[in-house]
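Chemist: Below is the file upload.txt, with compact mmCIF, C-alpha atoms.
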# COMPACT_ATOMS: atom_id res chain seq x y z
CA MET A 1 -12.26 -3.93 19.91
CA SER A 2 -11.76 -0.69 18.06
CA THR A 3 -12.22 2.40 20.11
CA PHE A 4 -11.12 4.64 17.27
CA PRO A 5 -13.01 3.90 14.05
CA LEU A 6 -10.74 3.07 11.15
CA THR A 7 -10.19 5.37 8.21
CA GLY A 8 -11.63 3.77 5.09
CA SER A 9 -9.65 2.77 2.03
CA GLN A 10 -9.92 4.55 -1.33
CA THR A 11 -8.37 3.68 -4.66
CA VAL A 12 -4.86 4.82 -5.47
CA GLY A 13 -6.36 6.16 -8.71
CA PRO A 14 -4.59 6.69 -12.04
CA PHE A 15 -2.24 9.53 -11.12
CA PHE A 16 -0.06 8.21 -8.28
CA ALA A 17 3.08 7.43 -10.24
CA PRO A 18 4.84 10.83 -10.05
CA ALA A 19 4.54 10.67 -6.25
CA LEU A 20 4.83 6.99 -5.35
CA LEU A 21 7.12 5.86 -8.17
CA ARG A 22 9.45 8.84 -8.33
CA GLU A 23 13.11 7.97 -8.61
CA ASP A 24 13.68 8.04 -4.86
CA ALA A 25 10.38 6.38 -3.93
CA ARG A 26 10.35 3.27 -6.09
CA ARG A 27 12.49 0.39 -4.93
CA ASN A 28 12.92 -2.23 -7.63
CA VAL A 29 16.32 -3.26 -6.30
CA LEU A 30 16.27 -4.29 -2.63
CA THR A 31 19.89 -5.32 -2.42
CA ARG A 32 23.20 -3.56 -2.10
CA PRO A 33 26.52 -5.19 -3.03
CA GLU A 34 27.13 -6.20 0.58
CA THR A 35 23.66 -7.70 1.15
CA VAL A 36 23.86 -11.31 2.29
CA GLY A 37 21.99 -13.95 0.34
CA GLU A 38 21.19 -15.60 -2.95
CA ARG A 39 20.29 -12.99 -5.55
CA ILE A 40 16.97 -13.53 -7.25
CA ARG A 41 15.00 -11.56 -9.79
CA ILE A 42 11.21 -11.55 -9.68
CA GLU A 43 9.40 -10.81 -12.91
CA GLY A 44 5.73 -10.87 -13.69
CA ARG A 45 2.73 -9.13 -15.08
CA VAL A 46 -0.45 -7.78 -13.54
CA LEU A 47 -3.49 -8.82 -15.58
CA ASP A 48 -7.19 -7.92 -15.31
CA GLY A 49 -10.26 -10.11 -15.68
CA ASP A 50 -9.99 -10.05 -19.48
CA GLY A 51 -6.32 -11.03 -19.38
CA VAL A 52 -5.44 -7.49 -20.39
CA PRO A 53 -2.22 -6.11 -18.87
CA VAL A 54 -2.74 -3.52 -16.14
CA PRO A 55 -0.34 -0.68 -17.01
CA ASP A 56 -1.08 1.48 -13.97
CA ALA A 57 -0.61 -0.84 -11.01
CA MET A 58 1.88 -0.65 -8.16
CA VAL A 59 3.29 -3.76 -6.50
CA GLU A 60 4.89 -3.61 -3.06
CA ILE A 61 6.79 -6.47 -1.45
CA TRP A 62 7.92 -7.12 2.12
CA GLN A 63 10.19 -9.97 3.09
CA ALA A 64 12.61 -11.34 5.63
CA ASN A 65 16.33 -11.29 4.93
CA ALA A 66 18.32 -14.33 3.83
CA HIS A 67 18.59 -15.48 7.45
CA GLY A 68 14.82 -15.37 7.94
CA ARG A 69 14.69 -12.20 10.04
CA TYR A 70 12.39 -9.25 9.46
CA ASN A 71 13.81 -5.78 9.88
CA HIS A 72 11.12 -4.87 12.38
CA PRO A 73 10.91 -4.59 16.17
CA ALA A 74 8.18 -7.23 16.37
CA ASP A 75 10.61 -9.86 15.09
CA GLN A 76 12.53 -10.92 18.18
CA GLY A 77 13.94 -14.02 16.55
CA SER A 78 17.54 -15.10 16.94
CA ALA A 79 18.44 -14.88 13.24
CA PRO A 80 20.74 -11.93 12.52
CA LEU A 81 19.64 -8.67 10.96
CA ASP A 82 21.39 -7.59 7.78
CA PRO A 83 22.18 -3.86 8.01
CA SER A 84 22.23 -3.68 4.22
CA PHE A 85 18.78 -5.14 3.70
CA LEU A 86 15.51 -3.38 4.51
CA GLY A 87 13.20 -5.92 2.90
CA PHE A 88 10.79 -3.49 1.24
CA GLY A 89 10.28 -3.15 -2.50
CA ARG A 90 7.98 -1.04 -4.64
CA ALA A 91 7.58 -1.25 -8.41
CA GLY A 92 5.18 0.17 -10.96
CA THR A 93 3.86 -1.81 -13.91
CA ALA A 94 4.86 -0.89 -17.46
CA GLU A 95 2.54 -0.57 -20.45
CA ASP A 96 2.66 -4.36 -20.87
CA GLY A 97 1.67 -4.87 -17.23
CA SER A 98 5.15 -6.05 -16.28
CA TYR A 99 6.98 -5.39 -13.04
CA TRP A 100 10.29 -6.63 -11.60
CA PHE A 101 12.37 -6.75 -8.44
CA GLU A 102 15.90 -7.78 -7.63
CA THR A 103 16.24 -9.09 -4.10
CA VAL A 104 17.52 -12.03 -2.10
CA LYS A 105 15.67 -15.24 -1.44
CA PRO A 106 14.20 -14.87 2.05
CA GLY A 107 15.00 -17.39 4.76
CA SER A 108 12.32 -19.27 6.64
CA VAL A 109 10.42 -17.37 9.32
CA ALA A 110 8.75 -18.92 12.35
CA PHE A 111 5.05 -19.66 12.26
CA ASP A 112 4.80 -20.66 15.89
CA GLU A 113 7.16 -22.11 18.46
CA GLU A 114 7.42 -25.37 16.58
CA ARG A 115 6.76 -24.76 12.93
CA LEU A 116 8.49 -22.72 10.27
CA GLN A 117 6.88 -21.01 7.33
CA ALA A 118 8.21 -21.78 3.88
CA PRO A 119 10.26 -18.93 2.38
CA HIS A 120 7.81 -16.37 1.02
CA ILE A 121 7.43 -12.73 0.08
CA CYS A 122 4.40 -10.65 1.05
CA VAL A 123 2.89 -8.98 -2.02
CA THR A 124 0.51 -6.00 -2.03
CA VAL A 125 -1.16 -4.67 -5.18
CA PHE A 126 -2.63 -1.23 -5.77
CA SER A 127 -4.29 0.18 -8.89
CA ARG A 128 -7.03 2.29 -10.29
CA GLY A 129 -10.19 0.23 -9.91
CA LEU A 130 -9.01 -1.38 -6.68
CA LEU A 131 -10.87 0.36 -3.86
CA ASN A 132 -8.79 -1.63 -1.36
CA HIS A 133 -5.33 -2.93 -2.01
CA LEU A 134 -4.91 -6.67 -2.52
CA VAL A 135 -2.70 -8.88 -0.36
CA THR A 136 -1.14 -12.17 -1.34
CA ARG A 137 2.14 -14.07 -1.02
CA LEU A 138 4.79 -15.28 -3.39
CA TYR A 139 6.18 -18.75 -2.68
CA PHE A 140 8.95 -20.49 -4.61
CA GLU A 141 7.82 -23.47 -6.67
CA ASP A 142 11.08 -25.36 -6.13
CA GLU A 143 10.92 -25.11 -2.34
CA PRO A 144 10.20 -28.41 -0.54
CA ALA A 145 9.05 -26.56 2.60
CA ASN A 146 5.92 -25.41 0.74
CA ALA A 147 4.27 -28.75 1.49
CA LEU A 148 4.09 -27.93 5.21
CA ASP A 149 3.49 -24.20 5.09
CA PRO A 150 0.55 -23.33 7.36
CA VAL A 151 -0.63 -20.42 5.23
CA LEU A 152 -0.31 -22.18 1.89
CA GLN A 153 -2.35 -25.02 3.35
CA CYS A 154 -5.27 -22.62 3.77
CA ILE A 155 -5.41 -22.04 0.03
CA PRO A 156 -7.76 -24.38 -1.85
CA ASN A 157 -5.78 -27.00 -3.76
CA ASP A 158 -6.90 -25.84 -7.16
CA ARG A 159 -5.74 -22.27 -6.50
CA ARG A 160 -2.50 -22.92 -4.63
CA ALA A 161 -0.42 -22.78 -7.80
CA THR A 162 -1.32 -19.10 -8.22
CA LEU A 163 1.02 -18.35 -5.31
CA LEU A 164 3.97 -20.32 -6.67
CA ALA A 165 6.57 -18.33 -8.54
CA GLY A 166 7.95 -20.44 -11.36
CA ARG A 167 11.64 -20.80 -11.91
CA ALA A 168 12.69 -19.28 -15.24
CA PRO A 169 16.07 -19.38 -17.02
CA SER A 170 18.75 -17.67 -14.93
CA ILE A 171 20.46 -14.46 -15.93
CA ASN A 172 24.21 -14.64 -16.34
CA ARG A 173 25.73 -11.57 -14.72
CA GLY A 174 29.30 -12.24 -15.70
CA ALA A 175 32.22 -14.09 -14.15
CA THR A 176 32.37 -12.11 -10.90
CA ASN A 177 28.65 -11.85 -10.15
CA GLY A 178 27.57 -15.30 -11.26
CA ALA A 179 24.07 -16.28 -12.30
CA MET A 180 20.90 -14.82 -10.88
CA VAL A 181 17.86 -17.04 -10.58
CA VAL A 182 14.69 -15.62 -12.09
CA TYR A 183 11.21 -16.38 -10.76
CA ARG A 184 8.05 -15.57 -12.70
CA PHE A 185 5.05 -14.39 -10.70
CA ASP A 186 2.00 -13.13 -12.58
CA ILE A 187 -0.77 -11.48 -10.60
CA VAL A 188 -4.25 -12.06 -12.05
CA LEU A 189 -6.81 -9.73 -10.51
CA GLN A 190 -9.93 -11.55 -11.66
CA GLY A 191 -11.16 -14.66 -13.44
CA ALA A 192 -10.54 -18.39 -13.59
CA ASP A 193 -6.80 -17.98 -13.05
CA GLU A 194 -7.29 -15.36 -10.36
CA THR A 195 -4.49 -15.10 -7.82
CA ALA A 196 -5.54 -16.22 -4.36
CA PHE A 197 -5.86 -13.01 -2.34
CA PHE A 198 -5.93 -12.94 1.45
CA ASN A 199 -8.43 -11.49 3.86
CA VAL A 200 -5.84 -9.87 6.09
CA MET B 1 4.91 -10.80 22.21
CA LYS B 2 4.99 -14.54 22.76
CA HIS B 3 1.82 -15.42 20.94
CA ILE B 4 1.80 -12.96 18.11
CA THR B 5 2.40 -15.60 15.51
CA ILE B 6 -1.00 -17.21 15.53
CA GLY B 7 -4.36 -15.67 15.09
CA GLU B 8 -7.11 -14.75 12.79
CA ILE B 9 -8.24 -11.34 11.74
CA VAL B 10 -10.74 -10.08 9.27
CA ARG B 11 -10.05 -7.07 7.19
CA GLY B 12 -11.84 -4.50 9.31
CA ASP B 13 -15.55 -4.26 8.95
CA ARG B 14 -17.25 -3.87 5.64
CA GLU B 15 -18.63 -0.49 6.57
CA VAL B 16 -15.13 0.88 6.61
CA PHE B 17 -13.63 -1.02 3.72
CA PRO B 18 -15.40 -0.65 0.40
CA PRO B 19 -16.32 -3.70 -1.66
CA TYR B 20 -13.93 -4.62 -4.45
CA LEU B 21 -16.71 -4.68 -7.01
CA TYR B 22 -18.63 -1.41 -7.01
CA GLU B 23 -20.56 -1.11 -10.24
CA ALA B 24 -20.87 2.67 -10.15
CA TYR B 25 -17.08 2.90 -10.31
CA GLN B 26 -16.49 1.34 -13.71
CA SER B 27 -12.82 0.50 -13.29
CA THR B 28 -13.70 -2.03 -10.59
CA ARG B 29 -15.56 -4.28 -13.03
CA ARG B 30 -12.56 -6.03 -14.59
CA ARG B 31 -10.16 -5.56 -11.71
CA ALA B 32 -12.16 -6.66 -8.66
CA PRO B 33 -11.39 -10.22 -7.54
CA ALA B 34 -14.31 -12.54 -8.25
CA PHE B 35 -13.40 -15.15 -5.64
CA PRO B 36 -13.91 -14.38 -1.96
CA LEU B 37 -10.78 -13.37 -0.11
CA ILE B 38 -9.19 -16.30 1.68
CA GLU B 39 -8.94 -16.44 5.45
CA VAL B 40 -5.38 -17.13 6.52
CA PRO B 41 -3.74 -17.20 9.94
CA LEU B 42 -1.92 -14.08 10.92
CA THR B 43 1.84 -14.56 11.12
CA LEU B 44 4.96 -12.58 11.85
CA SER B 45 4.97 -11.61 8.18
CA GLU B 46 1.81 -9.55 8.62
CA LEU B 47 2.66 -8.24 12.09
CA THR B 48 5.85 -6.72 10.74
CA GLY B 49 6.15 -4.30 7.85
CA PRO B 50 8.40 -1.68 6.32
CA GLY B 51 6.82 1.27 8.15
CA PRO B 52 9.36 1.71 10.94
CA ALA B 53 12.32 1.37 8.57
CA ILE B 54 11.43 3.87 5.84
CA SER B 55 12.70 7.35 6.57
CA ALA B 56 14.01 8.91 3.36
CA VAL B 57 12.41 12.33 3.44
CA THR B 58 13.57 15.92 3.72
CA PRO B 59 11.71 18.80 5.39
CA GLU B 60 11.19 20.43 1.97
CA ASP B 61 9.17 17.41 0.86
CA ALA B 62 6.26 18.52 3.07
CA ASP B 63 5.90 21.95 1.39
CA LEU B 64 4.06 21.39 -1.88
CA THR B 65 3.84 25.12 -2.53
CA ARG B 66 7.59 25.25 -3.13
CA ASN B 67 8.92 21.72 -3.62
CA ALA B 68 8.86 21.96 -7.40
CA GLY B 69 12.26 23.56 -6.91
CA THR B 70 11.63 26.33 -9.44
CA GLY B 71 12.04 29.11 -6.91
CA GLY B 72 8.42 30.08 -7.61
CA GLU B 73 5.36 29.40 -5.51
CA ALA B 74 2.36 27.32 -6.55
CA ILE B 75 -0.79 29.25 -7.39
CA GLY B 76 -3.89 28.64 -5.30
CA GLN B 77 -5.40 28.96 -1.86
CA ARG B 78 -2.56 28.14 0.50
CA ILE B 79 -3.62 25.54 3.10
CA ILE B 80 -2.11 23.64 6.00
CA VAL B 81 -3.24 20.03 6.35
CA THR B 82 -2.35 18.44 9.66
CA GLY B 83 -3.51 15.66 11.93
CA ARG B 84 -2.42 12.49 13.67
CA VAL B 85 -1.93 8.94 12.55
CA LEU B 86 -3.32 6.61 15.21
CA ASP B 87 -4.08 2.95 15.51
CA ASP B 88 -7.59 1.87 16.42
CA LEU B 89 -6.70 1.70 20.10
CA GLY B 90 -5.67 5.34 19.95
CA ASN B 91 -1.92 4.81 20.04
CA PRO B 92 -0.01 7.27 17.85
CA ALA B 93 1.97 5.88 14.90
CA PRO B 94 5.27 7.73 15.24
CA ASN B 95 7.92 8.25 12.56
CA THR B 96 5.82 6.73 9.84
CA LEU B 97 5.89 7.76 6.20
CA LEU B 98 2.99 9.64 4.62
CA GLU B 99 3.04 10.27 0.89
CA ILE B 100 0.45 12.55 -0.69
CA TRP B 101 -0.47 13.58 -4.22
CA GLN B 102 -3.11 15.91 -5.60
CA ALA B 103 -4.33 17.99 -8.52
CA ASN B 104 -3.34 21.65 -8.74
CA ALA B 105 -5.68 24.54 -7.96
CA ALA B 106 -7.25 24.20 -11.41
CA GLY B 107 -7.91 20.48 -10.94
CA ARG B 108 -5.11 19.26 -13.23
CA TYR B 109 -2.61 16.54 -12.35
CA LEU B 110 0.94 16.62 -13.60
CA HIS B 111 0.55 13.24 -15.31
CA LYS B 112 0.67 12.20 -18.93
CA ARG B 113 -2.72 10.51 -18.69
CA ASP B 114 -4.44 13.67 -17.43
CA GLN B 115 -5.12 15.67 -20.58
CA TRP B 116 -8.27 17.65 -19.82
CA PRO B 117 -7.92 21.37 -20.64
CA GLY B 118 -7.21 22.62 -17.13
CA PRO B 119 -4.02 24.67 -16.91
CA LEU B 120 -0.83 23.24 -15.49
CA ASP B 121 1.11 25.19 -12.88
CA PRO B 122 4.87 25.14 -13.53
CA ASN B 123 5.52 25.67 -9.82
CA PHE B 124 3.42 22.75 -8.61
CA LEU B 125 4.30 19.07 -8.75
CA GLY B 126 1.39 17.93 -6.60
CA MET B 127 3.39 15.48 -4.52
CA GLY B 128 4.68 15.59 -0.99
CA ARG B 129 5.74 13.41 1.89
CA CYS B 130 6.65 13.59 5.53
CA LEU B 131 7.20 11.46 8.59
CA THR B 132 4.90 11.68 11.59
CA ASN B 133 6.59 12.97 14.75
CA ALA B 134 6.79 11.10 18.06
CA ASP B 135 3.11 11.93 18.74
CA GLY B 136 1.98 10.66 15.35
CA VAL B 137 1.46 14.21 14.03
CA TYR B 138 1.95 15.09 10.36
CA ARG B 139 1.79 18.47 8.67
CA PHE B 140 1.75 19.54 5.02
CA LEU B 141 1.70 22.98 3.44
CA THR B 142 0.01 22.89 0.03
CA ILE B 143 -2.67 24.58 -2.05
CA ARG B 144 -6.29 23.56 -2.14
CA PRO B 145 -6.79 21.23 -5.11
CA GLY B 146 -9.51 21.83 -7.66
CA ALA B 147 -12.20 19.37 -8.72
CA TYR B 148 -11.58 17.63 -12.02
CA PRO B 149 -13.58 15.77 -14.65
CA TRP B 150 -13.21 12.05 -15.35
CA LYS B 151 -14.84 9.69 -17.79
CA ASN B 152 -16.56 7.29 -15.40
CA HIS B 153 -20.05 8.52 -16.36
CA PRO B 154 -21.51 11.56 -18.16
CA ASN B 155 -20.47 14.88 -16.59
CA ALA B 156 -18.50 13.08 -13.88
CA TRP B 157 -16.37 15.28 -11.59
CA ARG B 158 -14.23 14.15 -8.71
CA PRO B 159 -14.65 16.29 -5.59
CA ALA B 160 -11.49 18.08 -4.49
CA HIS B 161 -9.31 15.61 -2.63
CA ILE B 162 -5.77 14.76 -1.57
CA HIS B 163 -4.50 11.18 -1.91
CA PHE B 164 -2.72 9.76 1.14
CA SER B 165 -0.48 6.70 1.39
CA VAL B 166 0.26 5.56 4.96
CA PHE B 167 2.48 2.75 6.25
CA GLY B 168 2.05 2.57 10.02
CA LEU B 169 3.67 -0.11 12.10
CA SER B 170 2.80 -3.33 10.29
CA MET B 171 1.47 -4.77 7.06
CA LEU B 172 -1.99 -4.61 8.63
CA SER B 173 -1.81 -0.84 8.95
CA ARG B 174 -0.95 -0.16 5.29
CA LEU B 175 -3.55 2.24 3.91
CA VAL B 176 -4.08 4.25 0.75
CA THR B 177 -7.02 6.63 0.92
CA GLN B 178 -8.26 10.09 -0.01
CA MET B 179 -8.98 13.16 2.10
CA TYR B 180 -11.88 15.37 1.08
CA PHE B 181 -12.84 18.95 1.96
CA PRO B 182 -15.95 19.98 3.90
CA ASP B 183 -19.14 21.32 2.32
CA ASP B 184 -18.53 20.01 -1.19
CA PRO B 185 -21.72 19.35 -3.23
CA LEU B 186 -19.79 16.83 -5.35
CA HIS B 187 -19.46 14.38 -2.45
CA GLN B 188 -22.89 12.88 -2.94
CA LEU B 189 -22.24 12.40 -6.67
CA ASP B 190 -18.87 10.67 -6.34
CA PRO B 191 -18.84 6.88 -6.74
CA ILE B 192 -15.38 6.51 -5.20
CA MET B 193 -16.32 8.26 -1.98
CA ASN B 194 -19.71 6.53 -1.96
CA SER B 195 -18.11 3.09 -2.31
CA LEU B 196 -17.83 3.28 1.48
CA PRO B 197 -21.18 1.87 2.59
CA ALA B 198 -21.53 3.72 5.89
CA GLU B 199 -22.16 7.45 6.02
CA ALA B 200 -20.06 7.68 9.18
CA ALA B 201 -17.13 6.13 7.34
CA ARG B 202 -17.54 8.56 4.44
CA LYS B 203 -17.63 11.49 6.84
CA ARG B 204 -14.38 10.36 8.38
CA LEU B 205 -12.68 10.99 5.04
CA ILE B 206 -13.63 14.68 5.21
CA ALA B 207 -11.17 17.05 6.85
CA ALA B 208 -12.44 19.67 9.29
CA TYR B 209 -11.71 23.35 8.85
CA ASP B 210 -9.78 24.29 12.00
CA HIS B 211 -9.27 27.95 12.76
CA THR B 212 -6.63 27.11 15.34
CA VAL B 213 -4.56 25.61 12.53
CA THR B 214 -5.12 28.60 10.26
CA GLU B 215 -2.18 31.00 10.33
CA PRO B 216 -2.91 34.73 10.05
CA GLU B 217 -1.88 36.41 6.82
CA TRP B 218 -0.66 33.04 5.55
CA ALA B 219 -2.79 29.90 5.16
CA LEU B 220 -6.12 28.25 6.01
CA GLY B 221 -5.97 25.21 8.29
CA TYR B 222 -7.54 21.77 7.94
CA ARG B 223 -7.33 18.93 10.41
CA TRP B 224 -7.66 15.27 9.46
CA ASP B 225 -6.76 12.29 11.61
CA ILE B 226 -6.02 8.93 10.07
CA VAL B 227 -6.78 5.72 11.98
CA VAL B 228 -5.09 2.52 10.83
CA ARG B 229 -5.21 -1.01 12.16
CA GLY B 230 -2.86 -1.66 15.01
CA PRO B 231 0.08 -4.01 15.15
CA TYR B 232 -1.53 -6.14 17.85
CA ALA B 233 -3.02 -9.55 17.39
CA THR B 234 -5.50 -11.42 19.45
CA PRO B 235 -3.39 -14.08 21.13
CA PHE B 236 -4.24 -17.65 20.32
CA GLU B 237 -2.61 -20.80 21.53
CA PRO B 238 -1.04 -22.65 18.64
CA GLU B 239 -3.56 -25.46 18.87
CA ASP B 240 -6.33 -22.93 18.30
CA ALA B 241 -5.04 -22.02 14.89
CA GLY B 242 -7.15 -24.46 12.94
CA GLY B 243 -10.33 -23.48 14.68
CA ALA B 244 -9.74 -19.81 14.19
CA ARG B 245 -9.98 -20.06 10.43
CA GLN B 246 -13.60 -19.87 9.41
Take the structure in this file and express it as structure tokens.

Modeler:
Amino acid sequence: MSTFPLTGSQTVGPFFAPALLREDARRNVLTRPETVGERIRIEGRVLDGDGVPVPDAMVEIWQANAHGRYNHPADQGSAPLDPSFLGFGRAGTAEDGSYWFETVKPGSVAFDEERLQAPHICVTVFSRGLLNHLVTRLYFEDEPANALDPVLQCIPNDRRATLLAGRAPSINRGATNGAMVVYRFDIVLQGADETAFFNV
Amino acid sequence: MKHITIGEIVRGDREVFPPYLYEAYQSTRRRAPAFPLIEVPLTLSELTGPGPAISAVTPEDADLTRNAGTGGEAIGQRIIVTGRVLDDLGNPAPNTLLEIWQANAAGRYLHKRDQWPGPLDPNFLGMGRCLTNADGVYRFLTIRPGAYPWKNHPNAWRPAHIHFSVFGLSMLSRLVTQMYFPDDPLHQLDPIMNSLPAEAARKRLIAAYDHTVTEPEWALGYRWDIVVRGPYATPFEPEDAGGARQ
């Protein structure tokens, strides 16, 4: 189908942080005060095949807003856009391999004209030693809709749990802000507990 | 756009995308997935993406010779790097964010993990960004980066290169890659460049010297087009979804 041959992928290498994670390029916090939706915090670590934390990875996320609408022209759904929510996050990992985001729980997005997808967040991982980036999804372990999700159903049973973010103790943000639910999502690049990565 | 929600796509062809495990590049050994990637149906989640919505750049961001903000100019051979971002049907990707980073003229990165004894340049940060215009055209003013040593194997040197991060229109078009310079004897010795199996694919990472881009009494010109996967999907009827996953 391609008439113009694609440009190949190359690793992000070890030295991307000053450019891609500069103050105005990283996006750990996806929300503004007026953003609609349930606040959640995502925390996790990126680990290599030896279980060693990866301190020089970058994690990007892309998600629908709380109504289940993507901020993108290809989403012609009837759910409303939220002018205070872009849906894109970018975080670096720390020395202990950890990363975090604060966002809203996405609503359900259509799969086809009849079925919905379970709420999920698209996750992309870059690091030195990854010649191509890795693509996966974060689902919420306490979400009943997971059982019918058409993408999750493609993942072998014994690896499906690698895509489920586990609910951790909530963070109390004071009387006015209420509690924020925390989900844990570790990304294992290689090995028996390897995260299920997608061929997309 | 009625049927964009269902389909199946494979991640380009393996001549264009390097393998995850490439023994000659040591860092792949403990970071490459061991399981095969899983085929999943394409959904609205992959056919959308942040590309069209990200726009936080200033014109100064595209001038790496001066964007350190010191008032001084970076040392090195001043170059213009320009080209188009296209999808694989030839459609331009307009208003999309490109982020670049590179070593200075001496081959040194401004990064705490780069400690080889190449000199730093106080007037060079080595990072830039711009949006493509309506025709998909980008343009950076920078200095030609130097080659630099790394510890992958004895006497290992990376050929001069500029890192590019590209968004494009959808999640499918996301690309991080490296642009190389023509006529560099280090190309054939570089495991990262050679992780691309096809010579034609490797050659596409090399910019062309373009005298029509060169500006007299100012800067040498290089042209490099970037082709990313398009936002399209092969339409499938919903009932085809199961059969499309092989």

Chemist: If you count only C-alpha atoms, which residues fall within 12 Å of segment 26-31 of chain B, apart from same-chain ones fewer than 3 positions away, as a PyMOL selection string?

Modeler: (chain A and resi 10-14+46-54+56-57+125-134+187-191+194-195) or (chain B and resi 18-23+34-35+150-153+156+191-192+195)

Chemist: Residues near Arg139 of chain B, anyone? I mean within 12 Å using all atoms listed in the file, not counting same-chain ones fewer than 4 positions away, as a list in words.

Modeler: Pro59, Glu60, Asp61, Ala62, Asp63, Leu64, Ile79, Ile80, Val81, Thr82, Gly83, Arg84, Val85, Leu97, Leu98, Glu99, Ile100, Gly128, Arg129, Cys130, Leu131, Thr132, Asn133, Val213, Gly221, Tyr222, Arg223, Trp224 and Asp225 of chain B

Chemist: Can you write out as a tab-separated table which residues of chain B fall within 6 Å of chain A, alongside each residue's closest atom pair and its distance in Å to one decimal, counting all atoms listed in the file and ordering rows by chain and ascending residue number?

Modeler:
residue	atom	partner	partner_atom	distance
B:Thr5	CA	A:Asp112	CA	5.6
B:Val10	CA	A:Val200	CA	5.8
B:Arg11	CA	A:Val200	CA	5.2
B:Val16	CA	A:Gly8	CA	4.8
B:Phe17	CA	A:Gly8	CA	5.4
B:Tyr20	CA	A:Leu131	CA	5.9
B:Ser27	CA	A:Gly129	CA	4.3
B:Thr28	CA	A:Gly129	CA	4.2
B:Arg30	CA	A:Gly49	CA	4.8
B:Arg31	CA	A:Asp48	CA	5.2
B:Pro33	CA	A:Gln190	CA	4.6
B:Ala34	CA	A:Gln190	CA	5.6
B:Leu37	CA	A:Asn199	CA	5.0
B:Ile38	CA	A:Phe198	CA	4.7
B:Glu39	CA	A:Asn199	CA	5.2
B:Val40	CA	A:Val151	CA	5.9
B:Thr48	CA	A:His72	CA	5.8
B:Pro50	CA	A:Phe88	CA	5.9
B:Asp88	CA	A:Phe4	CA	4.6
B:Leu89	CA	A:Thr3	CA	5.6
B:Met127	CA	A:Ala19	CA	5.2
B:Val176	CA	A:Ser9	CA	5.9
B:Thr177	CA	A:Gln10	CA	4.2
B:Gln178	CA	A:Gln10	CA	5.9
B:Ile226	CA	A:Thr7	CA	5.8
B:Val227	CA	A:Leu6	CA	4.8
B:Val228	CA	A:Leu6	CA	5.7

Chemist: So that I can see what lies close to Leu220 of chain B, please list as a VMD selection string the residues with an atom at most 12 Å from it, counting all atoms listed in the file and leaving out residues fewer than 5 positions away in the same chain.

Modeler: chain B and resid 76 to 82 140 to 144 208 to 215

Chemist: Can you tell me how far atom CA of Arg229 of chain B sits from atom CA of Asp87 of chain B, in Å to one decimal?

Modeler: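 It comes out at 5.3 Å.
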
Chemist: Can you tell me, as a list in words, what residues are no more than 12 Å from Gln115 of chain B when counting all atoms listed in the file, ignoring any on the same chain fewer than 5 positions away?

Modeler: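 Close residues of Gln115 of chain B: Phe15 of chain A; Gly107, Arg108, Tyr109, Leu110, Leu120, Tyr148, Pro149, Trp150 and Lys151 of chain B.
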
Chemist: How about saving the chosen residues, C-alpha atoms kept, as a PDB file, keeping the file's coordinate frame?

Modeler:
ATOM      1  CA  PHE A  15      -2.240   9.530 -11.120  1.00  0.00           C
TER       2      PHE A  15
ATOM      3  CA  GLY B 107      -7.910  20.480 -10.940  1.00  0.00           C
ATOM      4  CA  ARG B 108      -5.110  19.260 -13.230  1.00  0.00           C
ATOM      5  CA  TYR B 109      -2.610  16.540 -12.350  1.00  0.00           C
ATOM      6  CA  LEU B 110       0.940  16.620 -13.600  1.00  0.00           C
ATOM      7  CA  LEU B 120      -0.830  23.240 -15.490  1.00  0.00           C
ATOM      8  CA  TYR B 148     -11.580  17.630 -12.020  1.00  0.00           C
ATOM      9  CA  PRO B 149     -13.580  15.770 -14.650  1.00  0.00           C
ATOM     10  CA  TRP B 150     -13.210  12.050 -15.350  1.00  0.00           C
ATOM     11  CA  LYS B 151     -14.840   9.690 -17.790  1.00  0.00           C
TER      12      LYS B 151
END

Chemist: Expressed in Å to a single decimal, how great is the separation between atom CA of Val104 of chain A and atom CA of Ala66 of chain A?

Modeler: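 Rounded to one decimal, the two atoms are 6.4 Å apart.
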
Chemist: So how far away is atom CA of Ala160 of chain B from atom CA of Leu172 of chain B, in Å?

Modeler: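 For atom CA of Leu172 of chain B relative to atom CA of Ala160 of chain B, the distance reads 27.9 Å.
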
Chemist: Can you pull out the residues contacting Ser98 of chain A? Cut-off 7 Å, using all atoms listed in the file, and skip same-chain residues under 4 positions away; I want them as a ChimeraX atom specification.

Modeler: /A:44-46,93-94

Chemist: Would you please work out which residue, of B:Asp135, B:Ala24, B:Gly49, B:Pro159, is nearest to Asp184 of chain B when using all atoms listed in the file?

Modeler: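 Looking only at the distances to Asp184 of chain B, the closest residue turns out to be B:Pro159.
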
Chemist: Please put the answer as lines of an AutoDock Vina configuration file: centre and edge lengths, in Å with one decimal, of a box along x, y and z that encloses all listed atoms of segment 193-208 of chain B plus 6 Å on each side.

Modeler:
center_x = -16.7
center_y = 10.8
center_z = 3.5
size_x = 23.0
size_y = 29.8
size_z = 23.6
